[in-house]
Number of protein chains: 4
Amino acid sequence: MTATQTALARATKRTGGTDHQASLIAQGADATGIVAAVTSVLSRHGGNIVALEQYSDNPEGGAFFQRTVFSLNGLQAAMPALRADLDEELVSRYGLTYTLRDMSVPKRMAIFASKSDHCLLDLLWRHRQGQLPVSIPMVISNHPDIAEEVRSFGIPFFHVPSTGADKSVAEAENLRLLKDNVDFVVLARYMQILSGDFIEKAGVPIINIHHSFLPAFIGAGPYAKAKERGVKLVGATAHYVTQDLDEGPIIEQDVVRVTHAHSAADLTRRGADVERAVLSRAVLWHAEDRVIRDGNHTIVFS
Amino acid sequence: MTATQTALARATKRTGGTDHQASLIAQGADATGIVAAVTSVLSRHGGNIVALEQYSDNPEGGAFFQRTVFSLNGLQAAMPALRADLDEELVSRYGLTYTLRDMSVPKRMAIFASKSDHCLLDLLWRHRQGQLPVSIPMVISNHPDIAEEVRSFGIPFFHVPSTGADKSVAEAENLRLLKDNVDFVVLARYMQILSGDFIEKAGVPIINIHHSFLPAFIGAGPYAKAKERGVKLVGATAHYVTQDLDEGPIIEQDVVRVTHAHSAADLTRRGADVERAVLSRAVLWHAEDRVIRDGNHTIVFS
Amino acid sequence: MTATQTALARATKRTGGTDHQASLIAQGADATGIVAAVTSVLSRHGGNIVALEQYSDNPEGGAFFQRTVFSLNGLQAAMPALRADLDEELVSRYGLTYTLRDMSVPKRMAIFASKSDHCLLDLLWRHRQGQLPVSIPMVISNHPDIAEEVRSFGIPFFHVPSTGADKSVAEAENLRLLKDNVDFVVLARYMQILSGDFIEKAGVPIINIHHSFLPAFIGAGPYAKAKERGVKLVGATAHYVTQDLDEGPIIEQDVVRVTHAHSAADLTRRGADVERAVLSRAVLWHAEDRVIRDGNHTIVFS
Amino acid sequence: MTATQTALARATKRTGGTDHQASLIAQGADATGIVAAVTSVLSRHGGNIVALEQYSDNPEGGAFFQRTVFSLNGLQAAMPALRADLDEELVSRYGLTYTLRDMSVPKRMAIFASKSDHCLLDLLWRHRQGQLPVSIPMVISNHPDIAEEVRSFGIPFFHVPSTGADKSVAEAENLRLLKDNVDFVVLARYMQILSGDFIEKAGVPIINIHHSFLPAFIGAGPYAKAKERGVKLVGATAHYVTQDLDEGPIIEQDVVRVTHAHSAADLTRRGADVERAVLSRAVLWHAEDRVIRDGNHTIVFS
């Protein structure tokens, strides 16, 4: 078994069953009877519910979100009929939108990195351990330093330099590599700001790890700013990338205690442990369809 | 509004709706279609699902647990017909057991305490704040010291001394006070061991707070034992009381960091903060039907 | 024993000795030999060092901070001679500043509060438990609601209304009450902004608890702002008050996890637990001379 | 610079100065004047105190512990005279024992591992980052699987099989490799129990990571036991190895939250993150002389 296969087997086992599992995410305006409608459709098709989480931000006319994982023998063959029923019940009747995904097909994750390797290594190691149900078709970096390390994990590495003011050449090259090859991108301490044009053309979710407890210390040099302000905790934030720098929907955050005796370099080191932990949780949850975007918020069924 | 009414209003608001909410707990052997069956029954009766959590310890033939909170206009009137349908669908068809509870009627909680008042005060204060959707018909203590404090919160206080080897007189008096008056009992650092006979006759769930991270340091003097062993964290455990001392199903646990410089008395003080936090969470979850017992384990939908 | 006496006895016991303890805080430019100079002076006078912490932000020409707690029989009588030696050794020879305080005399703490009582109650309860080595000569509030509660702890309560745009009358009354009666002030969720004039005239340290993880969510309504931003942790910050709102030196911070399912009201409730914990730690450390101000930073020997 | 040199440079920078730093650990019966005596000796020799921590478990006749880091130009040349003075002042006059160590010479750390690589990799990665001021002359494993990975970090790997009941051949081979080559040993999830004979003959401190919050779940299979008991937190403990399995002095502990929904395998994965964090802290503190053993306790000046 490859690392990806191991991860899928583990992810399947974790949510409890065979390799015929699918996730169904439904969202829209809340109404009486939605949960019954979803579960009845699945039941009619012989689906066994493995996990179900739902959330309504206001039962009296609010927004509704539901994640359902179910197992179904002959899932691939049953998909078209199932979709037809869901279109009928969820879309036509309740006006919801939904996504249905065969969980036996791993999401394809590209990682962008620069020189710092703590977040990158943690993802590669967890993937090798079978802890992340994704495939990793490529790691892209604007620095060549980490090439050998990445390849020792059996992962392709591409060096795309990004010097000078004009980032458009590098971005075009990155887009060419990503095109049709990946389902989401992770910025594992990638020290380049992506243009709005890139984000739009990439067309897949992009997860970034910011090295502060947002919204504190937006932008460059957060640990130096944290030292300057004299905070007693430093943190990290994983969020979806939008055109507004460090303003996208937050997926996960955590902090670690620091004292007056820690220098900015100490903060950087202590923070690195939080960064890799926070990013790996965010990636896992995204890979398992546990994160639903709702404007600038996230619903996380972790 | 009284504190209890405030708490109920807040609990209702928190789970999102009107004062016509009910909780439905179902458990038993897992099978395909249970969630659909539950939600369809509720839907047929016009119930709007406010929260739904389910867990199966093994989708291939394991045990199944579901908590559903729903709102329904005219809940009281609809209860008999709803029960009939649930008997039919859940009990007869799926062999499950269930409990259905009108959440507008608060659970009645008795608190047993001794001399230490930190856990007691925290519960009384949270109740007054409207954070705990319970009524508190009585506080019972084997020491008279805390009487005035309890009564200043408007709660009846009963002093039941428990001296000497024979605890049967005190236990009989306690049982007489509890009989038909309470739905569960909380031991808020009550320094008496309850007999198996008492536990059986009380006939309601009893929640205890033990001042260690169980199963470490079972029995008396856990902070002294923790100091002796040189641990770097001390903790607290809220659990249901069974006949086996400190061995009952765990509801919640937490810890706090300590160092070599802390004496056993310091551990006691730092631990007290954890005790009150852990106990208040366990009481809240029990009051909101978020805790399901499964042998010596708990399922906590927190 | 009164609560204050108990607290002093405990504080003394905690740092290990008799009731003849003193704290010595020294700070200034670092130089070789300072620690030896301080400890030699104390040794010459028969002082036994109970605790010693020091910190230099840069041994090559940085700033130096030292906290020493020592016990000395006949402390009161020995003070003048000790001061003379410290003036000679620390001030004249090393150019440091120092403060020497008899720890058997508790610091006098005034508490300002408004309607929210969670921080206030926690301080009063800890004081009654003997956990805070301070005396509390008064609680001042701009609301009368908490009067009875405060007085039930045996603490004087003063109601000083603060309505309308002109706060100068209220501030003048507050200053009159504080004058010469207190050593520091704690704002326990006091919902009034203090004028620079008041801060200056009060002439004692003022500790505030802000209900966010500063510098995130400065100003009013931090929990609503946190809900709006979609953060996954909310926090609290205890800091010394300066003329710049929420910008003073941070003493302590902490956070608690929240999810998408928590409303702004839930954040307020969960945050309240963090606020009282953070404020009580900051007050304890200030009372025990564990906090040294250094510009807009703090050195905390906790 | 090699990784070890980088680590030393960083460790030096962290505690603030040149590469002429030494640590002095003194312990024994408490008495008035010890701190002054130590600092005066250092001052006389021109030493500049960089860090000083002391602890007395009871100022009235208890045990005393002090860690002092100081910088001194020409440290190597000054050592003999310094030792003579310390022998005079600390040993003869106060009856203390002490160790004096040139911190520019890194401690030599051997790592023992088996199949699990998370703790091993974390140590190797931190060492490469320059976060651990040690040299790593060897990794020894009873399994060959991790050989390539270890060697990719430039660290020698030795495979010493340990099959069958008689471990004495393997232990003899391990002792031969260690002899005179290492200053301490780290068991990074090494799944062999060391004999008392081995521990004695090794003659250096041995640090183990146990995958539970000791003293809960001593011995084999702690995660399975934790699942069986239904705990809500799982933890890890780094401790010095003694002849009593899992009973040695604890250096560091930490925990992570788990729920009913986590299988024993999930506990193992979540616990692995805590294990590597706890072990790396314990190793760092040991490497920087921050841990003093006192019977079955540790004093940790972290």
# chains A, B, ... in the order shown; residues from 1 in each chain; ligands from 1
>>> interface_residues(of="chain D", to="chain C", cutoff="7 Å", atoms="only C-alpha atoms", output="PyMOL selection string")
chain D and resi 16-17+32-33+35-36+39-40+43+48+50-55+58-60
>>> select_by_dssp(residues="segment 56-290 of chain B", states="helix (DSSP H, G or I)", output="VMD selection string")
chain B and resid 75 to 93 118 to 128 147 to 152 168 to 178 196 to 202 222 to 229 264 to 287
>>> calpha_fit_and_write(fixed="chain D", moving="chain A", output="compact mmCIF listing (two decimals) with C-alpha atoms, in the first residue's frame")
# COMPACT_ATOMS: atom_id res chain seq x y z
CA MET A 1 28.44 25.44 10.70
CA THR A 2 27.17 22.00 11.58
CA ALA A 3 23.74 21.53 13.13
CA THR A 4 25.35 21.06 16.51
CA GLN A 5 27.32 24.27 16.18
CA THR A 6 24.19 26.11 15.16
CA ALA A 7 22.38 24.70 18.16
CA LEU A 8 25.12 25.76 20.52
CA ALA A 9 25.24 29.21 19.02
CA ARG A 10 21.48 29.49 19.41
CA ALA A 11 21.50 28.11 22.93
CA THR A 12 24.19 30.60 23.80
CA LYS A 13 22.30 33.43 22.20
CA ARG A 14 19.15 32.37 24.00
CA THR A 15 20.75 32.66 27.39
CA GLY A 16 22.37 35.69 26.07
CA GLY A 17 26.01 36.00 25.21
CA THR A 18 29.29 34.65 24.00
CA ASP A 19 30.59 31.15 23.61
CA HIS A 20 32.32 31.31 26.99
CA GLN A 21 29.39 30.27 29.11
CA ALA A 22 29.27 27.75 31.90
CA SER A 23 26.54 26.29 34.05
CA LEU A 24 26.92 25.78 37.77
CA ILE A 25 24.47 23.53 39.58
CA ALA A 26 24.67 23.51 43.38
CA GLN A 27 22.53 21.52 45.78
CA GLY A 28 22.45 20.49 49.41
CA ALA A 29 21.08 21.61 52.79
CA ASP A 30 19.77 25.19 52.78
CA ALA A 31 21.57 27.82 54.84
CA THR A 32 21.73 31.60 55.02
CA GLY A 33 24.23 33.10 52.61
CA ILE A 34 24.58 30.41 49.95
CA VAL A 35 23.38 32.57 47.05
CA ALA A 36 25.71 35.35 48.13
CA ALA A 37 28.60 32.90 48.41
CA VAL A 38 28.05 31.49 44.91
CA THR A 39 27.60 34.86 43.25
CA SER A 40 30.55 36.35 45.08
CA VAL A 41 32.87 33.59 43.90
CA LEU A 42 31.70 34.11 40.33
CA SER A 43 32.02 37.86 40.68
CA ARG A 44 35.57 37.59 42.00
CA HIS A 45 36.55 35.60 38.92
CA GLY A 46 34.93 38.15 36.60
CA GLY A 47 31.95 35.98 35.72
CA ASN A 48 28.82 37.79 34.52
CA ILE A 49 25.61 36.08 35.62
CA VAL A 50 23.37 35.36 32.65
CA ALA A 51 20.68 33.37 34.41
CA LEU A 52 20.12 32.40 38.02
CA GLU A 53 17.36 30.29 39.46
CA GLN A 54 17.20 28.91 42.97
CA TYR A 55 14.72 26.91 44.96
CA SER A 56 14.51 25.84 48.55
CA ASP A 57 11.87 23.31 49.49
CA ASN A 58 11.80 24.76 53.00
CA PRO A 59 13.87 27.80 54.04
CA GLU A 60 13.88 26.52 57.61
CA GLY A 61 16.24 23.61 57.14
CA GLY A 62 15.19 22.22 53.78
CA ALA A 63 17.04 21.29 50.62
CA PHE A 64 18.53 23.98 48.40
CA PHE A 65 19.02 23.97 44.62
CA GLN A 66 20.59 26.61 42.43
CA ARG A 67 21.32 26.85 38.72
CA THR A 68 23.58 29.66 37.57
CA VAL A 69 24.68 30.34 34.01
CA PHE A 70 27.51 32.82 33.67
CA SER A 71 29.83 34.10 30.97
CA LEU A 72 33.55 34.46 31.54
CA ASN A 73 36.30 35.38 29.12
CA GLY A 74 39.00 32.76 29.11
CA LEU A 75 36.67 30.24 30.72
CA GLN A 76 38.83 27.17 30.04
CA ALA A 77 41.91 28.73 31.60
CA ALA A 78 39.96 29.97 34.61
CA MET A 79 38.28 26.65 35.38
CA PRO A 80 40.84 25.18 37.80
CA ALA A 81 41.01 28.28 39.99
CA LEU A 82 37.25 28.59 39.90
CA ARG A 83 36.82 24.99 40.97
CA ALA A 84 39.24 25.48 43.82
CA ASP A 85 37.22 28.43 45.09
CA LEU A 86 33.93 26.57 44.70
CA ASP A 87 35.36 23.59 46.57
CA GLU A 88 36.33 25.93 49.36
CA GLU A 89 33.15 27.99 49.51
CA LEU A 90 30.43 25.54 48.54
CA VAL A 91 31.76 22.16 49.58
CA SER A 92 33.87 22.90 52.63
CA ARG A 93 31.94 25.83 54.03
CA TYR A 94 28.35 24.93 53.17
CA GLY A 95 28.55 21.17 52.60
CA LEU A 96 26.98 21.39 49.15
CA THR A 97 27.70 19.38 46.04
CA TYR A 98 28.09 21.10 42.70
CA THR A 99 28.72 20.50 39.01
CA LEU A 100 30.38 23.02 36.75
CA ARG A 101 30.13 22.56 32.99
CA ASP A 102 31.51 24.41 30.01
CA MET A 103 28.38 24.94 27.91
CA SER A 104 30.34 25.37 24.70
CA VAL A 105 30.90 21.60 24.74
CA PRO A 106 27.60 20.00 23.77
CA LYS A 107 26.31 16.97 25.64
CA ARG A 108 26.52 13.81 23.56
CA MET A 109 23.09 12.18 23.19
CA ALA A 110 22.43 8.64 21.98
CA ILE A 111 18.91 7.86 20.82
CA PHE A 112 17.36 4.41 21.11
CA ALA A 113 14.34 3.77 18.90
CA SER A 114 12.25 0.91 17.55
CA LYS A 115 9.73 1.13 14.70
CA SER A 116 7.75 4.25 15.62
CA ASP A 117 9.61 7.24 14.25
CA HIS A 118 7.61 10.28 15.42
CA CYS A 119 9.70 11.01 18.53
CA LEU A 120 12.96 10.16 16.79
CA LEU A 121 12.23 12.34 13.76
CA ASP A 122 11.20 15.26 15.90
CA LEU A 123 14.50 15.13 17.78
CA LEU A 124 16.53 14.79 14.59
CA TRP A 125 14.64 17.64 12.93
CA ARG A 126 14.98 19.94 15.94
CA HIS A 127 18.67 19.11 16.13
CA ARG A 128 19.10 19.97 12.44
CA GLN A 129 17.21 23.23 13.05
CA GLY A 130 19.70 24.09 15.76
CA GLN A 131 17.06 23.87 18.51
CA LEU A 132 18.86 21.22 20.62
CA PRO A 133 22.36 22.02 21.91
CA VAL A 134 23.60 18.43 21.78
CA SER A 135 25.62 16.26 19.47
CA ILE A 136 24.11 12.94 18.38
CA PRO A 137 26.88 10.38 17.94
CA MET A 138 24.49 7.50 17.27
CA VAL A 139 20.97 6.16 16.91
CA ILE A 140 20.53 2.55 17.98
CA SER A 141 17.48 0.51 17.04
CA ASN A 142 16.33 -3.06 17.40
CA HIS A 143 14.65 -2.68 14.00
CA PRO A 144 16.46 -1.83 10.76
CA ASP A 145 13.54 0.09 9.20
CA ILE A 146 14.57 3.60 10.15
CA ALA A 147 18.24 3.29 9.11
CA GLU A 148 17.98 5.27 5.89
CA GLU A 149 15.99 8.05 7.48
CA VAL A 150 18.45 8.48 10.33
CA ARG A 151 21.45 8.51 8.01
CA SER A 152 19.79 11.12 5.78
CA PHE A 153 20.26 13.46 8.74
CA GLY A 154 23.99 12.64 8.77
CA ILE A 155 23.70 10.62 11.99
CA PRO A 156 25.28 7.15 12.41
CA PHE A 157 22.77 4.31 12.76
CA PHE A 158 23.40 0.97 14.44
CA HIS A 159 21.04 -1.98 14.22
CA VAL A 160 21.16 -4.12 17.35
CA PRO A 161 18.48 -6.83 17.17
CA SER A 162 16.89 -7.85 20.41
CA THR A 163 14.92 -11.03 19.86
CA GLY A 164 14.23 -13.87 22.22
CA ALA A 165 14.05 -13.90 25.97
CA ASP A 166 17.71 -13.31 26.62
CA LYS A 167 18.40 -9.61 26.14
CA SER A 168 21.91 -9.80 27.55
CA VAL A 169 23.65 -10.13 24.18
CA ALA A 170 21.88 -7.09 22.77
CA GLU A 171 22.45 -5.12 25.94
CA ALA A 172 26.14 -5.96 25.90
CA GLU A 173 26.40 -4.75 22.32
CA ASN A 174 24.55 -1.56 23.18
CA LEU A 175 26.85 -0.94 26.13
CA ARG A 176 29.90 -1.46 23.91
CA LEU A 177 28.61 1.22 21.50
CA LEU A 178 27.76 3.68 24.27
CA LYS A 179 30.92 3.25 26.32
CA ASP A 180 32.68 6.62 26.75
CA ASN A 181 30.86 7.98 23.72
CA VAL A 182 27.73 9.53 25.20
CA ASP A 183 26.63 11.75 28.08
CA PHE A 184 23.01 10.68 28.13
CA VAL A 185 20.59 8.33 26.40
CA VAL A 186 17.09 9.06 25.12
CA LEU A 187 14.58 6.27 24.63
CA ALA A 188 12.45 7.61 21.78
CA ARG A 189 9.68 5.00 21.95
CA TYR A 190 12.23 2.18 22.34
CA MET A 191 10.06 -0.84 22.96
CA GLN A 192 12.49 -2.84 25.07
CA ILE A 193 12.66 -2.91 28.86
CA LEU A 194 16.19 -2.19 30.07
CA SER A 195 17.64 -4.43 32.77
CA GLY A 196 18.87 -2.96 36.00
CA ASP A 197 22.28 -4.24 35.06
CA PHE A 198 22.23 -2.25 31.81
CA ILE A 199 21.09 0.93 33.54
CA GLU A 200 23.88 0.64 36.07
CA LYS A 201 26.62 -0.15 33.56
CA ALA A 202 25.51 2.57 31.15
CA GLY A 203 26.30 5.02 33.94
CA VAL A 204 24.64 8.00 32.27
CA PRO A 205 21.18 9.51 32.65
CA ILE A 206 18.52 7.78 30.53
CA ILE A 207 15.37 9.69 29.56
CA ASN A 208 12.27 7.75 28.52
CA ILE A 209 8.98 8.89 27.02
CA HIS A 210 6.01 6.95 28.36
CA HIS A 211 2.81 7.22 26.38
CA SER A 212 0.48 8.02 29.26
CA PHE A 213 -0.02 10.60 31.97
CA LEU A 214 1.84 8.74 34.71
CA PRO A 215 1.03 7.33 37.21
CA ALA A 216 -2.08 6.43 35.21
CA PHE A 217 -1.68 3.47 32.88
CA ILE A 218 1.75 2.18 33.88
CA GLY A 219 3.20 -0.53 31.67
CA ALA A 220 2.25 -1.79 28.23
CA GLY A 221 -0.67 -0.65 26.08
CA PRO A 222 -1.60 2.62 27.81
CA TYR A 223 -3.78 3.90 24.97
CA ALA A 224 -5.86 0.73 24.97
CA LYS A 225 -6.20 1.04 28.73
CA ALA A 226 -7.17 4.69 28.36
CA LYS A 227 -9.86 3.79 25.83
CA GLU A 228 -11.09 1.04 28.14
CA ARG A 229 -11.36 3.43 31.10
CA GLY A 230 -13.08 6.11 29.02
CA VAL A 231 -10.80 9.03 29.92
CA LYS A 232 -11.33 12.41 28.28
CA LEU A 233 -7.63 13.32 28.03
CA VAL A 234 -4.60 11.26 27.05
CA GLY A 235 -1.07 12.25 27.90
CA ALA A 236 2.62 11.54 27.83
CA THR A 237 5.37 11.60 30.44
CA ALA A 238 9.13 12.10 30.04
CA HIS A 239 11.07 10.70 32.99
CA TYR A 240 14.48 9.46 34.02
CA VAL A 241 14.73 5.69 33.86
CA THR A 242 15.24 3.78 37.08
CA GLN A 243 15.01 0.09 37.85
CA ASP A 244 11.33 0.52 38.66
CA LEU A 245 9.43 0.54 35.40
CA ASP A 246 7.69 3.88 34.74
CA GLU A 247 8.42 4.99 38.30
CA GLY A 248 11.44 7.25 37.74
CA PRO A 249 11.57 11.02 38.37
CA ILE A 250 9.18 12.88 36.07
CA ILE A 251 10.68 15.68 33.96
CA GLU A 252 7.68 16.80 31.93
CA GLN A 253 4.08 15.84 31.14
CA ASP A 254 1.29 17.06 28.93
CA VAL A 255 -2.13 15.96 27.70
CA VAL A 256 -4.52 16.32 24.77
CA ARG A 257 -8.31 16.14 24.74
CA VAL A 258 -10.07 13.07 23.34
CA THR A 259 -13.71 12.07 23.07
CA HIS A 260 -15.88 8.97 23.03
CA ALA A 261 -15.62 9.04 19.23
CA HIS A 262 -11.88 8.37 19.22
CA SER A 263 -10.79 4.76 18.86
CA ALA A 264 -7.68 3.40 20.57
CA ALA A 265 -5.90 3.98 17.23
CA ASP A 266 -7.05 7.62 17.25
CA LEU A 267 -5.74 7.97 20.79
CA THR A 268 -2.42 6.58 19.62
CA ARG A 269 -2.24 9.15 16.83
CA ARG A 270 -3.30 12.10 18.96
CA GLY A 271 -1.03 10.97 21.76
CA ALA A 272 1.94 10.78 19.37
CA ASP A 273 1.84 14.56 18.97
CA VAL A 274 2.00 14.98 22.73
CA GLU A 275 4.78 12.41 23.09
CA ARG A 276 7.11 14.17 20.69
CA ALA A 277 6.39 17.58 22.22
CA VAL A 278 6.95 16.38 25.78
CA LEU A 279 10.11 14.45 24.92
CA SER A 280 11.67 17.33 23.01
CA ARG A 281 11.09 19.69 25.93
CA ALA A 282 12.60 17.22 28.39
CA VAL A 283 15.65 16.68 26.18
CA LEU A 284 16.18 20.43 25.72
CA TRP A 285 15.97 21.08 29.45
CA HIS A 286 18.32 18.21 30.24
CA ALA A 287 20.78 19.43 27.60
CA GLU A 288 20.76 22.91 29.11
CA ASP A 289 21.27 21.68 32.69
CA ARG A 290 17.81 22.85 33.68
CA VAL A 291 16.80 19.60 35.40
CA ILE A 292 18.12 18.66 38.85
CA ARG A 293 17.30 15.25 40.30
CA ASP A 294 16.30 15.09 43.93
CA GLY A 295 15.48 11.54 44.92
CA ASN A 296 12.45 10.61 42.85
CA HIS A 297 11.60 14.25 42.11
CA THR A 298 12.98 16.79 39.68
CA ILE A 299 13.59 20.49 40.02
CA VAL A 300 13.03 21.96 36.55
CA PHE A 301 14.19 25.53 35.95
CA SER A 302 12.51 25.82 32.56
>>> select_by_dssp(residues="segment 181-301 of chain A", states="strand (DSSP E or B)", output="VMD selection string")
chain A and resid 184 to 187 206 to 210 233 to 240 250 to 257 291 to 294 297 to 300
>>> write_last_selection(atoms="N, CA and C atoms", output="short mmCIF file (atom, residue, chain, number, x, y, z; two decimals), in the first residue's frame")
data_model
loop_
_atom_site.label_atom_id
_atom_site.label_comp_id
_atom_site.auth_asym_id
_atom_site.auth_seq_id
_atom_site.Cartn_x
_atom_site.Cartn_y
_atom_site.Cartn_z
N PHE A 184 -6.89 21.11 -4.09
CA PHE A 184 -6.68 22.27 -3.22
C PHE A 184 -5.19 22.50 -3.04
N VAL A 185 -4.87 23.72 -2.57
CA VAL A 185 -3.48 24.14 -2.41
C VAL A 185 -3.26 24.52 -0.95
N VAL A 186 -2.11 24.12 -0.41
CA VAL A 186 -1.75 24.51 0.95
C VAL A 186 -0.49 25.36 0.91
N LEU A 187 -0.56 26.54 1.50
CA LEU A 187 0.62 27.40 1.61
C LEU A 187 1.29 27.12 2.94
N ILE A 206 -7.57 27.47 -1.36
CA ILE A 206 -6.17 27.65 -0.95
C ILE A 206 -6.16 27.89 0.56
N ILE A 207 -5.41 27.06 1.27
CA ILE A 207 -5.32 27.18 2.74
C ILE A 207 -3.97 27.76 3.10
N ASN A 208 -3.96 28.80 3.91
CA ASN A 208 -2.71 29.43 4.35
C ASN A 208 -2.55 29.28 5.86
N ILE A 209 -1.30 29.22 6.30
CA ILE A 209 -1.03 29.29 7.74
C ILE A 209 -0.38 30.64 8.02
N HIS A 210 -1.06 31.43 8.85
CA HIS A 210 -0.48 32.73 9.23
C HIS A 210 0.09 32.60 10.64
N LEU A 233 1.02 35.28 25.00
CA LEU A 233 0.73 34.10 24.19
C LEU A 233 1.04 34.46 22.73
N VAL A 234 1.58 33.52 21.98
CA VAL A 234 1.65 33.70 20.52
C VAL A 234 0.87 32.57 19.87
N GLY A 235 0.39 32.82 18.66
CA GLY A 235 -0.50 31.85 18.05
C GLY A 235 -0.30 31.71 16.56
N ALA A 236 -1.16 30.88 15.98
CA ALA A 236 -1.15 30.66 14.54
C ALA A 236 -2.59 30.46 14.07
N THR A 237 -2.81 30.80 12.81
CA THR A 237 -4.15 30.76 12.23
C THR A 237 -4.11 30.11 10.85
N ALA A 238 -4.91 29.07 10.65
CA ALA A 238 -5.08 28.51 9.31
C ALA A 238 -6.38 29.06 8.74
N HIS A 239 -6.32 29.58 7.50
CA HIS A 239 -7.50 30.20 6.91
C HIS A 239 -7.51 30.00 5.41
N TYR A 240 -8.67 30.11 4.82
CA TYR A 240 -8.76 30.10 3.36
C TYR A 240 -8.29 31.44 2.84
N ILE A 250 -11.47 31.83 8.77
CA ILE A 250 -10.57 31.10 9.67
C ILE A 250 -11.05 29.66 9.84
N ILE A 251 -10.13 28.71 9.68
CA ILE A 251 -10.45 27.29 9.88
C ILE A 251 -10.07 26.85 11.29
N GLU A 252 -8.88 27.24 11.72
CA GLU A 252 -8.39 26.76 13.02
C GLU A 252 -7.35 27.73 13.56
N GLN A 253 -7.27 27.79 14.90
CA GLN A 253 -6.29 28.66 15.57
C GLN A 253 -5.82 27.98 16.85
N ASP A 254 -4.64 28.32 17.27
CA ASP A 254 -4.18 27.87 18.58
C ASP A 254 -3.07 28.79 19.06
N VAL A 255 -2.70 28.65 20.32
CA VAL A 255 -1.70 29.54 20.91
C VAL A 255 -0.74 28.76 21.80
N VAL A 256 0.36 29.40 22.15
CA VAL A 256 1.30 28.82 23.13
C VAL A 256 1.79 29.96 24.02
N ARG A 257 2.06 29.63 25.27
CA ARG A 257 2.46 30.63 26.26
C ARG A 257 3.90 31.09 26.05
N VAL A 291 -15.09 21.01 6.70
CA VAL A 291 -15.13 22.47 6.75
C VAL A 291 -16.08 22.99 5.67
N ILE A 292 -17.08 23.76 6.08
CA ILE A 292 -18.01 24.38 5.13
C ILE A 292 -17.82 25.89 5.20
N ARG A 293 -17.63 26.51 4.04
CA ARG A 293 -17.48 27.97 4.02
C ARG A 293 -18.84 28.62 3.98
N ASP A 294 -18.96 29.70 4.74
CA ASP A 294 -20.21 30.45 4.78
C ASP A 294 -19.84 31.93 4.82
N HIS A 297 -17.03 33.12 7.18
CA HIS A 297 -16.98 32.21 8.33
C HIS A 297 -16.80 30.78 7.85
N THR A 298 -16.46 29.91 8.80
CA THR A 298 -16.44 28.48 8.51
C THR A 298 -17.27 27.73 9.53
N ILE A 299 -17.94 26.69 9.07
CA ILE A 299 -18.56 25.71 9.95
C ILE A 299 -17.60 24.54 9.96
N VAL A 300 -17.08 24.17 11.13
CA VAL A 300 -16.11 23.07 11.20
C VAL A 300 -16.70 21.95 12.04
#
>>> decode(residues="segment 127-131 of chain B", atoms="N, CA, C and O atoms", output="CSV table (one decimal), in the first residue's frame")
chain,number,residue,atom,x,y,z
B,127,HIS,N,-25.8,29.3,38.4
B,127,HIS,CA,-27.3,29.1,38.4
B,127,HIS,C,-28.0,30.5,38.4
B,127,HIS,O,-28.9,30.8,37.7
B,128,ARG,N,-27.5,31.3,39.3
B,128,ARG,CA,-28.0,32.7,39.4
B,128,ARG,C,-27.8,33.5,38.2
B,128,ARG,O,-28.7,34.3,37.8
B,129,GLN,N,-26.7,33.2,37.5
B,129,GLN,CA,-26.4,33.9,36.2
B,129,GLN,C,-27.3,33.4,35.1
B,129,GLN,O,-27.3,33.9,34.0
B,130,GLY,N,-28.0,32.3,35.3
B,130,GLY,CA,-28.8,31.7,34.3
B,130,GLY,C,-28.0,30.9,33.3
B,130,GLY,O,-28.4,30.7,32.2
B,131,GLN,N,-26.9,30.4,33.8
B,131,GLN,CA,-26.0,29.5,33.0
B,131,GLN,C,-26.4,28.0,33.1
B,131,GLN,O,-25.9,27.2,32.3
